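Listing of work_8.txt; format and content: compact mmCIF, C-alpha atoms (C1' of nucleotides).
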# COMPACT_ATOMS: atom_id res chain seq x y z
CA MET A 380 0.00 0.00 0.00
CA ASN A 381 2.73 2.40 0.93
CA GLN A 382 6.17 2.38 2.41
CA MET A 383 6.03 4.90 5.17
CA ASN A 384 8.55 2.99 7.19
CA THR A 385 11.28 3.36 4.61
CA THR A 386 11.03 7.13 4.77
CA PRO A 387 14.53 8.24 5.62
CA LEU A 388 15.47 10.86 8.10
CA GLN A 389 13.80 13.85 6.61
CA GLU A 390 10.93 16.13 7.30
CA ARG A 391 10.10 14.81 10.70
CA ASP A 392 13.41 14.32 12.42
CA CYS A 393 16.13 16.33 10.92
CA SER A 394 16.81 19.99 11.51
CA TRP A 395 18.87 20.12 8.37
CA ALA A 396 16.24 18.65 6.11
CA ARG A 397 13.58 20.88 7.63
CA ALA A 398 15.74 23.98 7.35
CA LEU A 399 16.80 23.19 3.82
CA HIS A 400 13.22 22.62 2.84
CA ILE A 401 12.66 26.29 3.66
CA PHE A 402 15.74 28.02 2.31
CA GLY A 403 17.83 25.25 0.81
CA ASP A 404 17.93 26.35 -2.74
CA LYS A 405 20.17 28.70 -4.58
CA TRP A 406 17.58 31.39 -5.16
CA SER A 407 16.25 31.54 -1.63
CA ILE A 408 19.69 32.05 -0.18
CA LEU A 409 20.49 34.77 -2.70
CA ILE A 410 17.19 36.46 -1.91
CA ILE A 411 17.98 36.37 1.79
CA ARG A 412 21.44 37.72 1.11
CA GLU A 413 19.98 40.65 -0.80
CA ALA A 414 17.55 41.23 2.01
CA PHE A 415 20.46 41.47 4.44
CA ALA A 416 22.03 43.97 2.09
CA GLY A 417 18.92 46.12 2.39
CA VAL A 418 16.94 45.12 -0.68
CA SER A 419 13.22 44.86 -0.10
CA LYS A 420 11.37 45.50 -3.35
CA PHE A 421 10.29 42.83 -5.78
CA SER A 422 11.89 44.40 -8.80
CA ASP A 423 15.14 45.07 -6.99
CA PHE A 424 15.43 41.43 -6.04
CA GLN A 425 14.70 40.52 -9.59
CA ARG A 426 17.21 42.88 -11.12
CA ASN A 427 20.00 42.12 -8.68
CA ILE A 428 19.68 38.38 -8.66
CA GLY A 429 18.46 37.88 -12.20
CA LEU A 430 15.87 35.21 -11.77
CA ALA A 431 12.51 34.85 -13.46
CA LYS A 432 9.67 36.80 -11.90
CA ASN A 433 7.48 33.79 -11.34
CA ILE A 434 10.27 31.99 -9.53
CA LEU A 435 10.92 35.05 -7.41
CA ALA A 436 7.25 35.30 -6.56
CA THR A 437 7.13 31.64 -5.57
CA ARG A 438 10.22 31.93 -3.40
CA LEU A 439 9.01 35.07 -1.66
CA ASP A 440 5.69 33.38 -1.01
CA MET A 441 7.42 30.39 0.49
CA LEU A 442 9.76 32.48 2.62
CA CYS A 443 6.81 34.48 3.91
CA GLU A 444 4.83 31.34 4.58
CA HIS A 445 7.66 29.98 6.69
CA GLU A 446 8.05 33.33 8.42
CA VAL A 447 11.58 33.91 7.25
CA MET A 448 10.39 37.06 5.54
CA MET A 449 7.26 39.14 5.85
CA ARG A 450 5.35 41.59 3.70
CA VAL A 451 5.04 45.16 4.91
CA PRO A 452 3.63 48.10 2.95
CA GLN A 453 6.38 49.86 1.02
CA ARG A 454 5.08 53.16 2.33
CA GLU A 455 2.33 53.43 4.87
CA GLY A 456 -1.02 53.02 3.22
CA SER A 457 0.48 51.59 0.07
CA SER A 458 -0.82 48.33 -1.25
CA ARG A 459 2.54 47.37 -2.67
CA SER A 460 4.56 45.27 -0.37
CA ALA A 461 8.15 45.28 0.65
CA TYR A 462 9.74 42.02 1.72
CA VAL A 463 11.75 42.17 4.89
CA LEU A 464 13.40 39.62 7.13
CA THR A 465 11.65 38.51 10.28
CA PRO A 466 13.68 37.67 13.39
CA LYS A 467 13.65 34.08 12.17
CA GLY A 468 15.14 35.28 8.91
CA GLN A 469 17.65 37.56 10.57
CA ALA A 470 18.87 34.55 12.50
CA LEU A 471 20.18 33.21 9.19
CA PHE A 472 22.83 35.90 9.23
CA PRO A 473 25.76 33.71 10.31
CA ILE A 474 24.90 31.18 7.62
CA ILE A 475 24.89 33.82 4.92
CA VAL A 476 28.17 35.25 6.11
CA ALA A 477 29.73 31.81 6.35
CA ILE A 478 28.74 30.92 2.80
CA GLY A 479 30.21 34.15 1.50
CA GLN A 480 33.42 33.61 3.39
CA TRP A 481 33.74 30.08 2.08
CA GLY A 482 33.33 31.28 -1.48
CA ASP A 483 35.80 34.07 -0.92
CA LYS A 484 38.41 31.72 0.37
CA TRP A 485 37.92 28.58 -1.69
CA ILE A 486 36.73 29.95 -4.99
CA PHE A 487 38.27 33.37 -5.29
CA GLY A 488 41.23 32.65 -3.07
CA SER A 489 44.31 34.60 -3.96
CA LYS A 490 42.52 36.72 -6.54
CA GLY A 491 40.85 38.52 -3.68
CA GLU A 492 37.23 38.45 -2.69
CA PRO A 493 34.82 40.67 -4.61
CA VAL A 494 32.71 41.61 -1.62
CA ARG A 495 33.91 42.29 1.87
CA ILE A 496 31.70 42.18 4.94
CA VAL A 497 32.88 44.78 7.37
CA ASP A 498 31.98 46.07 10.79
CA LYS A 499 30.21 49.37 10.20
CA GLU A 500 31.84 51.00 13.20
CA THR A 501 35.45 50.22 12.48
CA GLY A 502 35.38 49.30 8.82
CA SER A 503 37.40 46.19 9.45
CA PRO A 504 36.34 42.80 8.10
CA VAL A 505 34.46 40.45 10.39
CA GLN A 506 36.20 37.37 11.73
CA PRO A 507 35.94 34.08 9.88
CA ILE A 508 32.93 32.15 11.12
CA ALA A 509 34.02 29.20 13.23
CA VAL A 510 32.79 26.60 15.65
CA PHE A 511 33.75 27.03 19.28
CA SER A 512 33.44 24.72 22.23
CA HIS A 513 31.61 25.68 25.37
CA SER A 514 34.92 26.77 26.83
CA GLY A 515 35.87 28.79 23.78
CA ARG A 516 38.24 26.37 22.10
CA HIS A 517 38.23 26.43 18.31
CA LEU A 518 36.79 23.17 17.00
CA ASN A 519 36.99 21.46 13.67
CA SER A 520 34.84 18.64 12.41
CA SER A 521 36.93 15.89 13.98
CA ASP A 522 36.57 17.45 17.41
CA VAL A 523 32.82 17.04 17.57
CA THR A 524 30.28 14.29 17.40
CA MET A 525 26.53 14.16 16.98
CA THR A 526 24.44 12.74 19.77
CA ALA A 527 20.73 12.30 20.22
CA GLY A 528 19.12 15.43 21.62
CA PRO A 529 16.00 15.81 23.76
CA GLY A 530 13.71 15.71 20.73
CA ALA A 531 15.25 12.66 19.12
CA SER A 532 12.94 10.06 17.68
CA GLU A 533 13.81 6.40 17.83
CA ARG A 534 14.79 6.49 14.20
CA THR A 535 17.21 9.34 14.78
CA THR A 536 18.69 7.55 17.76
CA ASN A 537 19.25 4.43 15.69
CA HIS A 538 20.70 6.44 12.89
CA LEU A 539 23.20 8.10 15.21
CA ALA A 540 24.05 4.78 16.81
CA ARG A 541 24.88 3.36 13.42
CA LEU A 542 27.05 6.35 12.64
CA ALA A 543 28.88 6.10 15.96
CA LYS A 544 29.57 2.44 15.38
CA ALA A 545 30.86 3.14 11.91
CA SER A 546 33.19 5.88 13.06
CA ASN A 547 34.78 3.58 15.65
CA ARG A 548 36.32 1.32 13.07
CA MET B 1300 22.33 41.12 -30.51
CA ASN B 1301 22.69 39.88 -27.00
CA GLN B 1302 22.25 41.16 -23.50
CA MET B 1303 25.48 40.41 -21.76
CA ASN B 1304 25.20 43.61 -19.86
CA THR B 1305 21.98 42.62 -18.18
CA THR B 1306 23.59 39.53 -16.73
CA PRO B 1307 23.08 39.93 -13.02
CA LEU B 1308 25.67 39.42 -10.43
CA GLN B 1309 26.19 35.74 -10.67
CA GLU B 1310 28.81 33.29 -11.69
CA ARG B 1311 31.58 35.75 -12.29
CA ASP B 1312 31.34 38.14 -9.37
CA CYS B 1313 29.56 36.69 -6.47
CA SER B 1314 30.99 34.31 -3.91
CA TRP B 1315 27.52 33.32 -2.89
CA ALA B 1316 26.33 32.41 -6.35
CA ARG B 1317 29.53 30.54 -7.04
CA ALA B 1318 29.41 28.69 -3.76
CA LEU B 1319 25.73 27.85 -4.12
CA HIS B 1320 26.32 26.57 -7.61
CA ILE B 1321 28.49 23.92 -5.99
CA PHE B 1322 26.59 22.89 -2.87
CA GLY B 1323 23.46 25.03 -2.97
CA ASP B 1324 20.87 22.37 -3.12
CA LYS B 1325 19.18 20.34 -0.47
CA TRP B 1326 20.78 17.04 -1.37
CA SER B 1327 24.33 18.29 -1.57
CA ILE B 1328 24.18 19.80 1.87
CA LEU B 1329 22.65 16.67 3.33
CA ILE B 1330 25.37 14.60 1.66
CA ILE B 1331 28.03 16.83 3.15
CA ARG B 1332 26.39 16.63 6.53
CA GLU B 1333 26.46 12.83 6.38
CA ALA B 1334 30.09 12.99 5.33
CA PHE B 1335 30.87 15.04 8.42
CA ALA B 1336 29.09 12.41 10.46
CA GLY B 1337 31.46 9.80 9.06
CA VAL B 1338 29.47 8.32 6.20
CA SER B 1339 31.52 7.54 3.13
CA LYS B 1340 29.90 4.72 1.17
CA PHE B 1341 27.46 5.21 -1.66
CA SER B 1342 24.80 2.96 -0.23
CA ASP B 1343 25.05 4.51 3.22
CA PHE B 1344 24.45 7.96 1.81
CA GLN B 1345 21.52 6.60 -0.09
CA ARG B 1346 19.96 4.82 2.83
CA ASN B 1347 20.46 7.63 5.30
CA ILE B 1348 19.34 10.46 3.10
CA GLY B 1349 16.79 8.63 1.01
CA LEU B 1350 17.38 10.06 -2.41
CA ALA B 1351 17.36 8.29 -5.76
CA LYS B 1352 20.59 6.58 -6.69
CA ASN B 1353 21.01 8.45 -9.93
CA ILE B 1354 20.65 11.76 -8.15
CA LEU B 1355 23.15 10.70 -5.54
CA ALA B 1356 25.59 9.68 -8.24
CA THR B 1357 25.20 13.02 -9.99
CA ARG B 1358 25.70 14.96 -6.78
CA LEU B 1359 28.76 12.98 -5.75
CA ASP B 1360 30.22 13.50 -9.20
CA MET B 1361 29.64 17.23 -8.96
CA LEU B 1362 31.05 17.48 -5.45
CA CYS B 1363 34.14 15.57 -6.55
CA GLU B 1364 34.50 17.69 -9.64
CA HIS B 1365 34.50 20.82 -7.51
CA GLU B 1366 36.92 19.20 -5.06
CA VAL B 1367 34.56 19.37 -2.13
CA MET B 1368 34.77 15.60 -1.89
CA MET B 1369 37.12 13.03 -3.33
CA ARG B 1370 37.06 9.36 -4.13
CA VAL B 1371 39.42 7.06 -2.29
CA PRO B 1372 39.46 3.26 -2.36
CA GLN B 1373 37.24 1.84 0.37
CA ARG B 1374 40.05 -0.52 1.35
CA GLU B 1375 43.47 -0.37 -0.19
CA GLY B 1376 43.47 -2.08 -3.52
CA SER B 1377 39.71 -2.09 -3.75
CA SER B 1378 38.07 -0.72 -6.85
CA ARG B 1379 35.06 0.51 -4.90
CA SER B 1380 35.34 4.06 -3.83
CA ALA B 1381 34.57 5.86 -0.64
CA TYR B 1382 33.62 9.50 -0.77
CA VAL B 1383 35.40 11.73 1.71
CA LEU B 1384 35.61 15.44 2.27
CA THR B 1385 38.63 17.33 1.01
CA PRO B 1386 39.98 20.30 2.98
CA LYS B 1387 37.75 22.49 0.84
CA GLY B 1388 34.82 20.37 1.90
CA GLN B 1389 35.84 20.30 5.55
CA ALA B 1390 35.85 24.07 5.45
CA LEU B 1391 32.07 23.88 5.09
CA PHE B 1392 31.85 22.71 8.67
CA PRO B 1393 30.69 25.98 10.21
CA ILE B 1394 27.98 26.29 7.57
CA ILE B 1395 26.66 22.82 8.28
CA VAL B 1396 26.67 23.43 12.01
CA ALA B 1397 24.98 26.81 11.59
CA ILE B 1398 22.19 25.34 9.49
CA GLY B 1399 21.58 22.63 12.05
CA GLN B 1400 21.51 25.13 14.87
CA TRP B 1401 19.09 27.35 13.03
CA GLY B 1402 16.73 24.44 12.45
CA ASP B 1403 17.04 23.36 16.07
CA LYS B 1404 16.14 26.79 17.32
CA TRP B 1405 13.58 28.03 14.82
CA ILE B 1406 11.84 24.85 13.75
CA PHE B 1407 12.05 22.52 16.70
CA GLY B 1408 12.34 25.24 19.31
CA SER B 1409 10.83 24.30 22.60
CA LYS B 1410 10.22 20.71 21.58
CA GLY B 1411 13.96 20.19 21.81
CA GLU B 1412 16.41 19.50 19.05
CA PRO B 1413 16.64 15.95 17.72
CA VAL B 1414 20.39 16.03 17.18
CA ARG B 1415 22.99 17.69 19.36
CA ILE B 1416 26.46 18.59 18.21
CA VAL B 1417 28.86 18.19 21.08
CA ASP B 1418 32.52 18.62 21.80
CA LYS B 1419 33.98 15.10 21.89
CA GLU B 1420 36.27 15.93 24.77
CA THR B 1421 33.79 17.41 27.18
CA GLY B 1422 30.49 16.23 25.80
CA SER B 1423 29.04 19.70 26.03
CA PRO B 1424 27.25 21.32 23.09
CA VAL B 1425 29.17 23.69 20.88
CA GLN B 1426 28.44 27.41 21.06
CA PRO B 1427 25.91 28.96 18.72
CA ILE B 1428 27.61 30.08 15.54
CA ALA B 1429 27.86 33.86 15.43
CA VAL B 1430 29.51 36.72 13.64
CA PHE B 1431 32.25 38.57 15.50
CA SER B 1432 34.03 41.79 14.76
CA HIS B 1433 37.77 42.02 14.47
CA SER B 1434 37.85 43.04 18.10
CA GLY B 1435 35.62 40.21 19.21
CA ARG B 1436 32.34 42.06 19.52
CA HIS B 1437 29.24 40.08 18.67
CA LEU B 1438 27.68 41.48 15.50
CA ASN B 1439 24.24 41.18 14.03
CA SER B 1440 23.19 42.02 10.52
CA SER B 1441 22.60 45.71 11.21
CA ASP B 1442 26.13 46.12 12.50
CA VAL B 1443 27.80 45.25 9.25
CA THR B 1444 27.85 46.45 5.69
CA MET B 1445 29.14 45.07 2.43
CA THR B 1446 31.90 46.92 0.64
CA ALA B 1447 33.80 46.23 -2.54
CA GLY B 1448 36.72 43.90 -1.91
CA PRO B 1449 40.04 43.65 -3.81
CA GLY B 1450 38.53 41.38 -6.46
CA ALA B 1451 35.46 43.48 -7.10
CA SER B 1452 34.41 44.05 -10.66
CA GLU B 1453 32.91 47.32 -11.76
CA ARG B 1454 29.49 45.76 -11.77
CA THR B 1455 29.86 44.59 -8.20
CA THR B 1456 31.04 48.02 -7.18
CA ASN B 1457 28.02 49.62 -8.80
CA HIS B 1458 25.75 47.08 -7.25
CA LEU B 1459 27.10 47.81 -3.79
CA ALA B 1460 26.89 51.54 -4.38
CA ARG B 1461 23.23 51.20 -5.25
CA LEU B 1462 22.63 49.18 -2.11
CA ALA B 1463 24.48 51.68 0.05
CA LYS B 1464 22.43 54.51 -1.37
CA ALA B 1465 19.21 52.61 -0.79
CA SER B 1466 20.05 51.80 2.82
CA ASN B 1467 20.69 55.46 3.60
CA ARG B 1468 17.12 56.42 3.15
C1' DA C 572 -6.59 61.81 -17.96
C1' DC C 573 -2.48 59.73 -19.69
C1' DC C 574 1.63 57.02 -19.71
C1' DA C 575 5.18 54.24 -17.84
C1' DA C 576 6.77 51.34 -14.58
C1' DA C 577 5.88 48.06 -10.63
C1' DG C 578 4.21 43.84 -9.22
C1' DG C 579 2.56 40.12 -10.21
C1' DT C 580 -0.03 35.79 -12.87
C1' DT C 581 -0.48 32.58 -16.76
C1' DT C 582 1.19 29.83 -20.31
C1' DT C 583 4.45 27.07 -22.57
C1' DG C 584 8.71 24.64 -23.37
C1' DA C 585 13.06 22.95 -21.25
C1' DA C 586 15.44 20.88 -17.56
C1' DA C 587 15.94 18.48 -13.29
C1' DT C 588 14.18 14.86 -10.22
C1' DA C 589 12.16 10.46 -8.58
C1' DG C 590 11.57 5.77 -9.06
C1' DG C 591 12.42 1.55 -10.85
C1' DA C 592 14.60 -1.84 -14.00
C1' DC C 593 18.82 -3.47 -15.22
C1' DC C 594 23.73 -4.99 -14.99
C1' DG C 595 28.64 -5.87 -14.21
C1' DT C 596 31.69 -6.45 -9.72
C1' DT C 597 32.87 -7.75 -5.37
C1' DA C 598 32.63 -10.05 -0.96
C1' DA C 599 30.97 -13.74 1.81
C1' DG C 600 29.30 -18.41 2.73
C1' DG C 601 29.06 -23.22 1.83
C1' DC D 443 35.99 -23.12 -5.98
C1' DC D 444 31.11 -21.98 -6.92
C1' DT D 445 27.03 -19.72 -5.76
C1' DT D 446 24.56 -15.95 -4.15
C1' DA D 447 23.54 -11.61 -2.39
C1' DA D 448 24.75 -7.11 -1.86
C1' DC D 449 27.28 -3.08 -3.84
C1' DG D 450 27.84 0.62 -6.95
C1' DG D 451 26.33 2.28 -10.27
C1' DT D 452 23.77 3.34 -15.30
C1' DC D 453 19.61 3.80 -18.20
C1' DC D 454 14.83 4.70 -19.13
C1' DT D 455 10.35 6.83 -18.22
C1' DA D 456 6.96 9.66 -15.75
C1' DT D 457 6.43 13.57 -12.97
C1' DT D 458 7.73 17.84 -11.05
C1' DT D 459 10.08 22.06 -11.12
C1' DC D 460 12.26 25.97 -13.57
C1' DA D 461 12.82 29.53 -17.04
C1' DA D 462 11.31 32.84 -20.39
C1' DA D 463 8.17 35.47 -22.28
C1' DA D 464 3.62 37.37 -22.74
C1' DC D 465 0.03 39.34 -20.51
C1' DC D 466 -2.64 41.94 -17.11
C1' DT D 467 -3.87 45.03 -13.37
C1' DT D 468 -2.59 48.59 -10.18
C1' DT D 469 0.15 52.54 -8.92
C1' DG D 470 2.71 56.84 -9.20
C1' DG D 471 4.07 60.78 -11.81
C1' DT D 472 2.94 64.70 -14.99

Represent the structure of the file as structure tokens.
Amino acid sequence: MNQMNTTPLQERDCSWARALHIFGDKWSILIIREAFAGVSKFSDFQRNIGLAKNILATRLDMLCEHEVMMRVPQREGSSRSAYVLTPKGQALFPIIVAIGQWGDKWIFGSKGEPVRIVDKETGSPVQPIAVFSHSGRHLNSSDVTMTAGPGASERTTNHLARLAKASNR
Amino acid sequence: MNQMNTTPLQERDCSWARALHIFGDKWSILIIREAFAGVSKFSDFQRNIGLAKNILATRLDMLCEHEVMMRVPQREGSSRSAYVLTPKGQALFPIIVAIGQWGDKWIFGSKGEPVRIVDKETGSPVQPIAVFSHSGRHLNSSDVTMTAGPGASERTTNHLARLAKASNR
DNA sequence: ACCAAAGGTTTTGAAATAGGACCGTTAAGG
DNA sequence: CCTTAACGGTCCTATTTCAAAACCTTTGGT
């Protein structure tokens, strides 16, 4: 009849899959980046990013639906809407910065990055985004491990157990 | 004749667009996440993530082509390959962690996160990923601005100028 | 009142994706 | 050894998504 039980770790269990369902496509991330840069009007998004209008409309709808962005009147009383980041959307800031930094370093490299993100007050570039331990130590991927959290389902727990076993050999 | 000059800021100029061209789709990021968790075999990726085999093959090819991952023999002398992260791929670590943290906080929220990323040594969760100024101040999106970097093209410069002007009003 | 641009929606064709069938290799068991 | 099952893919087809352009309605400016 169906095969519900073969559904892999996706919508239900996994923060990554859930998050990526919302903003995990090229256009959405570029839209959010523009929004951080201060863009809010439909046509500005379209011009700057260069995507089809229907796609832009769909993405904006989806981002609004998931409360990453919201519509506000462009001017008070206007029926045209501006698209601005909600707190949930603003919380994506480190991700956006991290993606830009990665591209700067690993794609542009020695040629120099085209865009620099700087502290408004001092004008100096922000620090590279990194992962820190509770005590402030700098961590890389081999220093951490994934464990089941408070909201873990049985399937997640099993999944993590399998991974832990695999990484021991 | 053509419209080269309406090409928006994409492949050539923008770290984000270039980066997202490589890993900016749901599956790629999930694959990379699994790789960080220690998965390396084709069938394990497939089982854990639950995507079609042909799609997985395409994604792995692309990630290898862009040197985010690489093929190594599963055991020495074996013709079957394992897929492992290169240094370029390992550098995506903060992005992966940040996405997971965002989902934990903004999707699962009070229900509790299903997966917890912890420091192996102490077992305590890593700090939330954040953006810091040169001097170590915690920055949010309104504290920073984008300026033209050393590799900026004229079009990027213009683009940023337009944004700067817009954000002044 | 007129015109041009903004902000979409609809339609249509092209491309990517999902699912399954298929198939040569490899590893394990008898 | 020899068989068998699982592995690591490729190929084909149906469905979904994307892209480009045309179209339409509303708004702001003159």

**Request:** Considering only C-alpha atoms, extract the chain B residues located within 6 Å of chain A and return them as an MDAnalysis selection string.
**Result:** chainID B and resid 1307 1314:1315 1318:1319 1323:1325 1337 1347:1349 1393:1394 1397 1399 1402:1403 1411:1419 1425:1426 1429:1433 1442:1451 1466

Using the file's own x, y and z axes, what box holds all listed atoms of segment 1333-1341 of chain B with 4 Å on each side, keeping edges along x, y and z, and what are its centre and edge lengths in Å to one decimal, as JSON?
{"center_x": 29.0, "center_y": 9.9, "center_z": 4.4, "size_x": 13.1, "size_y": 18.3, "size_z": 20.1}

**chain A contacts to chain C at 12 Å (all atoms listed in the file) as a PyMOL selection string** = chain A and resi 420-425+431-437+439-440+453+458-461

**Request:** Between D:DG471, D:DA463, D:DG450, D:DC444, single out the one closest to chain A, counting only C-alpha atoms (C1' of nucleotides).
**Result:**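 Of D:DG471, D:DA463, D:DG450, D:DC444, the one nearest chain A, counting only C-alpha atoms (C1' of nucleotides), is D:DA463.
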
With all atoms listed in the file counted and 9 Å as the cut-off, give the residues of chain D in contact with chain A, each with its shortest interatomic distance in Å and the pair that gives it, as JSON lines.
{"residue": "D:DC460", "atom": "C1'", "partner": "A:Ile434", "partner_atom": "CA", "distance": 7.5}
{"residue": "D:DA461", "atom": "C1'", "partner": "A:Ala431", "partner_atom": "CA", "distance": 6.4}
{"residue": "D:DA462", "atom": "C1'", "partner": "A:Ala431", "partner_atom": "CA", "distance": 7.3}
{"residue": "D:DT469", "atom": "C1'", "partner": "A:Arg459", "partner_atom": "CA", "distance": 8.5}

**Asked** If you measure from atom CA of Met441 of chain A to atom CA of Ala414 of chain A, what distance in Å do you get, rounded to one decimal?
**Response**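 Those two atoms sit 14.9 Å apart.
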
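Around Cys1363 of chain B, within 9 Å and counting all atoms listed in the file, the residues found are Arg1358, Leu1359, Val1367, Met1368, Met1369, Arg1370, Tyr1382, Leu1384 and Thr1385 of chain B, once anything fewer than 4 positions away on its own chain is removed.
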
**Prompt:** Separation of atom CA of Val451 of chain A and atom CA of Ile410 of chain A, in Å?
**Reply:**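 According to the coordinates, atom CA of Val451 of chain A and atom CA of Ile410 of chain A are separated by 16.4 Å.
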
**Prompt:** Mind pulling up the distance from atom C1' of DT468 of chain D to atom CA of Arg454 of chain A?
**Reply:**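 Atom-to-atom, atom CA of Arg454 of chain A to atom C1' of DT468 of chain D, that is 15.4 Å.
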